[in-house]
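Asker: Take a look at the following structure, please.
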Amino acid sequence: MNWVPMTKIARRFCTAIALLTTVWAGQVLWAGHAWAGVFNPETFTLANGMQVVVLPNHRAPVVLHMVWYKVGSADEPAGKSGVAHLLEHLMFKGTPKHPNGEFSKTLAQHGGQENAFTSLDYTGYHQTVASDRLEMVMELEADRMTNLVLKAEDVATERAVVLEERNQRIENKPGARLRVQANQKFYPQNHPYGRPVIGWREELASVTREDALAFYKDHYAPDNAILVIAGDVDVAQVKRLADKYYAPVPARGVAKRATLLTDEPITGGETVLRDARVRQASWSENVIQPSLSNGTPTRVAALEILSELLGGGGTSRLYRALVIEQALAVSAGTYYDQAARGDGQFSFYASPRPGVSLDQLAEAVGVETRRLLDGGLKAGELAGIKKRMMADAVYSRDAMKTGAWTIGGALAAGHSIEDVEAWPERIQAVTEQDVLDALKAVLEEPKRITTKLLQNGNGDGA
Amino acid sequence: MKRGMKKLLVVLIAVFAPLHAWAVDVERVTSPGGIEAWLVQDHSNPVVSMRFAFKGGSELDPVGKAGLSNLAASTMDEGAGDLDSQAFQQILADQSITLRFDAGLDRFSGQVKTLTENLDQSFGLLRLALSQPRFDEEPVARLKSQIIAGIRADSENPGKLAYNALFANFFPGHGYAVDSDGTAQSVTALGPEDLQAFVKTRLAQSNLIIGVVGDITPQRLGLLMDQAFGGLPEKPSVKRGGDVVPTVTGRLQVIERDIPQSTIVFGHDGLKRDDPDYYAALVMNHILGGGSFTSRLYDEVREKRGLAYSVGSSFYPLDHAGLVIGSAATENARVAETIDVIRAEWARMAAGEVSTPELNNAKTYISGAFPLTFTSTGAIARVLVAMQLNKLGIDYLDKRKAYIDAVDMVDVKRVATTYLRPDLLDIVVVGKPAGIAPRP
């Protein structure tokens, strides 16, 4: 339907706000509230260490097959940024058994849909096919887990493609360039989250066939992978096919990754990008906060509720105050990323109406957050948000893919199925005081950065 | 941020195919009041999705009022009846009801997604939005400011600039020439009286199409449809125009922007959805520039030469005209080479050069790919609406594969030589391309 070939890099899975300028937006794939649910998956582990998750859903004779590798751009060796994502592209080139791009050709002949993505923390490959084609897909995917062959000329051509992808995603977009610049100051020097998933241009341009193959050998193995299958299947069938195709792939003894903390000091401050092409200014403030990796379940859930209350859509406090009542902004909200393998972040963002400066917006956001801190929640406010989030759990079971993406992403970032399945209980347990404590922690956290996107020569957005 | 559907995101459902073993039962439901919907019952999860569309979109916005449909779509859910904007939105949020409208070139569409337990309330709110929208000063001003902010941002978006120029060239003087968002100037001038007129003249029962999927029975749906849509006038008072022939001359327009990568869009006239050659054209385009990672354009531009991350082509059937369009993006220094490759592939296909494996692979792909998206209630409801809009028949899901199977080599060669016109390919480049001579 859309002729643009499918994107090959992680994108956030929930609705993006057009003028969002938070530091990570677009870098991390996560289902946000879409993961609000009890998916009741079945799971088992093969002898070679590969975890398998099955989510039966018999609405249509269709199956979604995903392999997630617990490796992302944050795991790249120094000086080789971009190799994780370039390898993701190169995985389509071929193996001795299926050479010359046969993977995609075969899949297309069967009407299959496919794509792949790379994020900071993980890399994934997925196909959607009629359920009677599942075996074919498993054979192909297991084959390229260990038998990839790369020709030097293929690597050179694909590198040129990825450089064009980088132009398309970053160089041509002032807002994306600002995010890349800000990320560097948001994390300590040399922290892997401080560089873009797609890599620094110079480093990406110099990544070689050998670099890609070394990365492949280090990280692509069943003991570093998760198989997630959703749709018109049953567990016994998946078990039989996984034994046939994935179980024979030898483990490589891949070491478990450490949690990526942000203990070192950061540059922080303010990152400003002015560009003649900016026609709509925007502002964001981004604060390091715990994620599921290093936060208590209560704090993570409280931050999630806080984000919904302050900045989750057209009835949130920030939208009401800045966009409706004070008419200062065209958009305003918050975003909380809880899914990272390292620290998470809590972000505020807003975009001004004509004649309003970014400092005015920042001030108004500050007033509203303090109003919440000082005045507490209104009667029924917390209950209303919890009710909404529980409804999200029901909606999350509507689409076949939601459970697969949510559980796959959680496991690949080092979280557990229980972390996903216990989400409703975590949310229900949050008290008003938990929310206020979380807000206080956000406001007091010294690791923070402000971004400003401005039109060249146009003052402070006014 | 609430925005109308972008013109080029209004992808008319163009690729259909049945499942190998289609298990979905499409029912025709007629309400006591005579309103029809197509329904697929699914009681496995307590969720109901409804999609609906009124024929006639932004193409009908009056001269000087471009963006009217889009502003209406953005404000009809911002207060209705006794509920002001915040009260209306608060109920939607509290009950987790999705109720929204969108404006495309050819239709004004809407969707409702609700938990079964909130069905009555959802349809009640829809009735209010359709029959008694308030268009209060605050929400109208707010949504106008958001839409204008988006238009301003889009004014430096290479893809948006390129497609808007391409469509302006194709359809001078026609509603299709103007982005459905309108312009900053036209949106600024719109007021509540325009929006009230929109609702009264454009939304009616005779131009309404409805598709519903989920946890609901035909009886209940019938009653709810009468409640929501029964108050609409029988017929719209604005008439739609006839067909329009796209103006194609083989022009090459450059819109200069100081950016490292140029966006290239291209196209010319194609065919409409009801054309008997439509399926053959679909198969032919799949070989040329459709699908995912296997088309000729993908292979020649991306795989062999590394010229672009994205490239492809698509038949784009509008209600009053057919188009075939495509796009690519490449660094400024390689724009000329990229255009040469695209033109060469267009010409090679136009000469009727197609192999049997290419034909067979395209057919199996098109037959197999479409039903793979039928995995949520909303996705299936969207298809039910498209089937009715395009008059494909309620048994279409069963028949689709036969339509594709019937396409043979003679058909594909005929549509390739008939509909592809390499000399008349109109091209718009946004960027700072090297070595490109514009051609008027």
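Letters for chains follow the order of the structure tokens (A, B, ...), residue numbers begin at 1 for each chain, and ligand numbers begin at 1 in the order shown.
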What are the DSSP alpha helix (DSSP H) residues of range 87-311 of chain B, as a PyMOL selection string?
Answerer: chain B and resi 87-94+119-131+137-154+158-170+184-189+192-202+218-229+278-288+296-297
Asker: Please identify all polymer residues within 10 Å of Gln433 in chain A, counting only C-alpha atoms, omitting same-chain residues fewer than 4 positions from it, and present them as a ChimeraX atom specification.
Answerer: /A:302,376-377,437-439
Asker: Sorted by chain and rising residue number, which residues of chain A lie within 6 Å of chain B, and what are their closest atom pairs and distances in Å to one decimal, counting only C-alpha atoms, as CSV?
Answerer:
```
residue,atom,partner,partner_atom,distance
A:Trp3,CA,B:Gly312,CA,5.1
A:Val4,CA,B:Ser310,CA,5.6
A:Pro5,CA,B:Ser292,CA,5.4
A:Ile17,CA,B:Met1,CA,5.9
A:Ala108,CA,B:Tyr365,CA,5.5
A:Gln109,CA,B:Asn361,CA,5.0
A:His110,CA,B:Tyr365,CA,5.8
A:Gly111,CA,B:Tyr365,CA,3.7
A:Gly112,CA,B:Ala369,CA,5.8
A:Thr157,CA,B:Gly306,CA,4.8
A:Ala160,CA,B:Gly306,CA,5.1
A:Val161,CA,B:Gly306,CA,4.7
A:Glu164,CA,B:Tyr309,CA,5.7
A:Glu165,CA,B:Tyr309,CA,5.2
A:Asn172,CA,B:Ile259,CA,5.8
A:Arg277,CA,B:Glu156,CA,5.8
A:Arg279,CA,B:Ala153,CA,5.0
A:Gln280,CA,B:Ala153,CA,5.6
A:Val330,CA,B:Gln146,CA,5.1
A:Arg388,CA,B:Ser96,CA,5.7
A:Asp398,CA,B:Ser376,CA,5.5
A:Ala399,CA,B:Ser376,CA,4.3
A:Met400,CA,B:Thr375,CA,5.5
```
Asker: Tell me, as number ranges by chain, which residues lie within 6 Å of Val428 in chain B, counting only C-alpha atoms; anything in the same chain fewer than 2 positions away does not count.
Answerer: B: 162, 252-254, 264-265
Asker: Report as a ChimeraX atom specification all protein, DNA and RNA residues lying within 8 Å of Pro446 in chain A, evaluated on only C-alpha atoms, omitting residues in the same chain fewer than 2 positions from it.
Answerer: /A:287,444,448
Asker: Excluding Gly173 in chain B and its own-chain neighbours fewer than 5 positions away, which residues fall within 12 Å of it when counting only C-alpha atoms? Please give them as a PyMOL selection string.
Answerer: chain B and resi 59+62-64+167-168+178+244-247
Asker: What's around range 180-195 of chain A at 6 Å? Count only C-alpha atoms, leave out sequence neighbours fewer than 2 positions away in its own chain, and write the answer as a list in words.
Answerer: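 Using only C-alpha atoms, the neighbours found are Ala74, Arg177, Leu178, Glu264, Pro265, Ile266, Thr267, Gly268 and Thr271 of chain A.
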Asker: Next, dump the selected residues to file, keeping only C-alpha atoms, as a tab-separated table (two decimals), in the first residue's frame.
Answerer:
```tsv
chain	number	residue	atom	x	y	z
A	74	ALA	CA	24.81	0.64	22.74
A	177	ARG	CA	19.91	17.06	14.47
A	178	LEU	CA	19.05	18.79	17.73
A	264	GLU	CA	29.22	9.70	35.90
A	265	PRO	CA	28.44	13.41	35.72
A	266	ILE	CA	26.87	14.76	32.55
A	267	THR	CA	27.32	18.03	30.70
A	268	GLY	CA	23.62	18.87	30.85
A	271	THR	CA	21.21	22.66	23.73
```
Asker: For range 342-359 of chain A, work out the shell of residues within 6 Å, counting only C-alpha atoms and skipping chain neighbours fewer than 6 positions away, then give it as a PyMOL selection string.
Answerer: chain A and resi 259-261+282-291+328-336+460-462
Asker: CA of Gln113 in chain A to CA of Arg348 in chain B: how many Å, to one decimal?
Answerer: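 Between these atoms lies a distance of 27.0 Å.
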Asker: What is the CA of Asp154 in chain A-CA of Arg209 in chain A distance in Å, reported with one decimal?
Answerer: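 Interatomic distance here is 8.9 Å.
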Asker: Report, in Å to a single decimal, how far apart CA of Tyr319 in chain A and CA of Asp434 in chain A are.
Answerer: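 One can read the CA of Asp434 in chain A to CA of Tyr319 in chain A distance as 22.5 Å.
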Asker: Report as a list in words: the residues of range 67-258 of chain B with a DSSP assignment of strand (DSSP E), based on the backbone of this structure.
Answerer: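 The residues of range 67-258 of chain B classed as strand (DSSP E) are Thr98, Leu99, Arg100, Phe101, Asp102, Ala103, Arg107, Phe108, Ser109, Gly110, Gln111, Val112, Lys113, Thr114, Leu115, Leu208, Ile209, Ile210, Gly211, Val212, Val213, Gly214, Leu252, Gln253, Val254, Ile255 and Glu256 of chain B.
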Asker: Can you spit out the residues from that selection as a compact mmCIF listing (two decimals), in the first residue's frame, using C-alpha atoms?
Answerer:
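Once everything was written out, this is selection-v6.txt:
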```txt
# COMPACT_ATOMS: atom_id res chain seq x y z
CA THR B 98 -11.64 6.80 20.64
CA LEU B 99 -13.86 9.09 18.58
CA ARG B 100 -12.23 11.08 15.81
CA PHE B 101 -12.67 12.40 12.31
CA ASP B 102 -10.27 12.78 9.40
CA ALA B 103 -10.43 14.59 6.10
CA ARG B 107 -13.75 11.54 1.81
CA PHE B 108 -14.51 12.70 5.28
CA SER B 109 -14.06 9.73 7.57
CA GLY B 110 -14.49 8.85 11.19
CA GLN B 111 -13.79 6.14 13.69
CA VAL B 112 -15.11 4.94 17.01
CA LYS B 113 -13.31 2.39 19.13
CA THR B 114 -14.80 1.45 22.45
CA LEU B 115 -15.08 -1.17 25.11
CA LEU B 208 -22.29 7.41 4.18
CA ILE B 209 -20.43 4.08 4.30
CA ILE B 210 -20.02 2.08 7.54
CA GLY B 211 -17.88 -0.89 8.59
CA VAL B 212 -17.98 -2.45 12.07
CA VAL B 213 -15.91 -5.21 13.68
CA GLY B 214 -15.98 -6.64 17.16
CA LEU B 252 11.04 18.65 -14.18
CA GLN B 253 10.63 21.16 -11.37
CA VAL B 254 13.30 21.96 -8.79
CA ILE B 255 12.35 23.52 -5.47
CA GLU B 256 15.63 24.72 -4.00
```
Asker: Please determine, counting only C-alpha atoms, which residue among B:Asp106, B:Asp226, B:Asp179, B:Glu137 has the shortest atom-to-atom distance to Glu36 in chain B.
Answerer: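 Answer, going by the shortest atom-to-atom distance: B:Asp226.
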